[in-house]
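What follows is a short report on a single structure.
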Amino acid sequence: MFEEIWFEPGLAAALNNLGAINISSGDYAEGLQASERALVIFQKLGNQQAIGSVLNYIGVNYQNQGNYDKAIEYCLQGLQIRRKIQDHPGIAFSLINMGNMYLAADELKSALEYYQQSLAYSQEKELPSLEFSLLQLGETYRRLGQYDTALLYLQRILKTNSNHVLALNAVGEVYFARKEYEPSLKHLLKSLSLLEKRNDRTHANVLNNISNVYNAQKRYPVALSYAQRNLALSRQLGSKQEIKNAAQTLSQIYAGMHDFAHAYEYQHLYVSLKDSITAQEYTQRLAVLEANLELAKKQAHIEMLTQEQQLHHQELKRQAILRNFFMAGLGFTLLLGLVILRNIGLKRKAE
């Protein structure tokens with residue numbers, strides 16, 4: 001309808017929402033196309049808040065596809081714009097996304113810093129992004145091996161929403177890391193059931209986690225079933241990251257079954273899909289981009305100070321001119337007064 005009447009603000013908003021929904025449902029190509037169209041229109045309209053939102057969605061889209069270079073680029077741009085215009089919810093989500101970038105680079109301490117910033121910001125501003133901060137803090141502490149701390153953060157989410165699918169999946173991962181397989185399966189299967197009821201196709205990670213638990217229990221047939229479902233879904237979604245994870249899990253399952261031909265086949269697929277950028281290179285690129293943005297901010301600050309200094313000098317000049325005019329006027333007034341007084345004195349003397 002917006003296209004028919006060519007109402008650009010409405011069209012851009014619809015495209016932005018469409019892009020977000022497609023990303024959430026795993027339709028990355030459709031989501032990227034919609035988001036990029038929305039970005040062009042918002043830039044034309046000069047809507048900075050919307051531009052920050054679209055850049056964030058595009059960054060998340062690229063991250064889900066394993067294209068971290070593009071993900072970093074767009075997320076940093078979005079964070080810079082949101083800070084400039086003081087978009088509080090946007091800043092909190094952008095901080096989470098930056099943490100996600102470092103998490104992908106296995107820079108866990110840096111990721112924690114961003115997640116803690118987001119958590120503090122969300123608590124201060126009472127934002128709904130609070131649960132996402134808690135979720136990512138749980139994930140990071142799990143990867144650090146601090147399982148009790150991870151559960152503390154995740155349980156805060158489940159206390160208010162026992163059907164939070166992402167928190168359920170994350171708790172299942174923590175229990176799996178602690179080799180507590182039954183509670184792990186309980187949370188993972190509940191998460192999968194809720195996702196399937198919603199017809200949400202973004203459950204490849206949950207399928208992979210379930211297959212890993214069954215594999216650890218040496219229940220190979222059921223593990224293989226979930227892993228194959230995961231690979232099929234990941235290929236359908238076009239997510240290289242999830243395909244890689246599925247291939248690794250399948251290789252491990254087949255190795256446990258002593259089917260080494262299939263184990264080698266999937267191990268080869270896993271290796272071929274490994275990210276082309278190493279964690280070190282990825283971190284370096286992220287640091288360079290952040291440094292460039294920081295430099296741009298400093299340069300902008302310097303330019304602002306220079307402008308302020310120029311305005312100050314102009315103001316001083318104006319005040320000096322006014323002061324000179326005032327002194328000249330005062331001198332002229334005094335001189336005129338003296339002349340008048342002299343004339344009055346001469347007149348009286350003559351009389």
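Residues in the structure tokens are named by chain (A, B, ... in the order shown) and by number from 1 within that chain; ligands are numbered from 1 in the order shown.
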Residues of segment 175-260 of chain A at most 12 Å from segment 142-166 of chain A: nearest atom pair and distance in Å, only C-alpha atoms, as CSV:
```
residue,atom,partner,partner_atom,distance
A:Tyr175,CA,A:Tyr147,CA,8.2
A:Phe176,CA,A:Arg142,CA,10.3
A:Ala177,CA,A:Arg142,CA,7.8
A:Arg178,CA,A:Tyr147,CA,7.6
A:Lys179,CA,A:Tyr147,CA,11.3
A:Glu180,CA,A:Tyr147,CA,11.8
A:His187,CA,A:Val165,CA,8.9
A:Leu188,CA,A:Val165,CA,8.7
A:Leu189,CA,A:Val165,CA,10.0
A:Lys190,CA,A:Val165,CA,7.8
A:Ser191,CA,A:Val165,CA,4.7
A:Leu192,CA,A:Val165,CA,7.7
A:Ser193,CA,A:Val165,CA,9.1
A:Leu194,CA,A:Val165,CA,6.8
A:Leu195,CA,A:Val165,CA,7.0
A:Glu196,CA,A:Val165,CA,10.7
A:Lys197,CA,A:Val165,CA,11.4
A:Arg198,CA,A:Val165,CA,10.7
A:Asp200,CA,A:Val165,CA,10.7
A:Thr202,CA,A:Leu166,CA,10.5
A:His203,CA,A:Val165,CA,9.5
A:Asn205,CA,A:Leu166,CA,10.1
A:Val206,CA,A:Leu166,CA,9.1
```
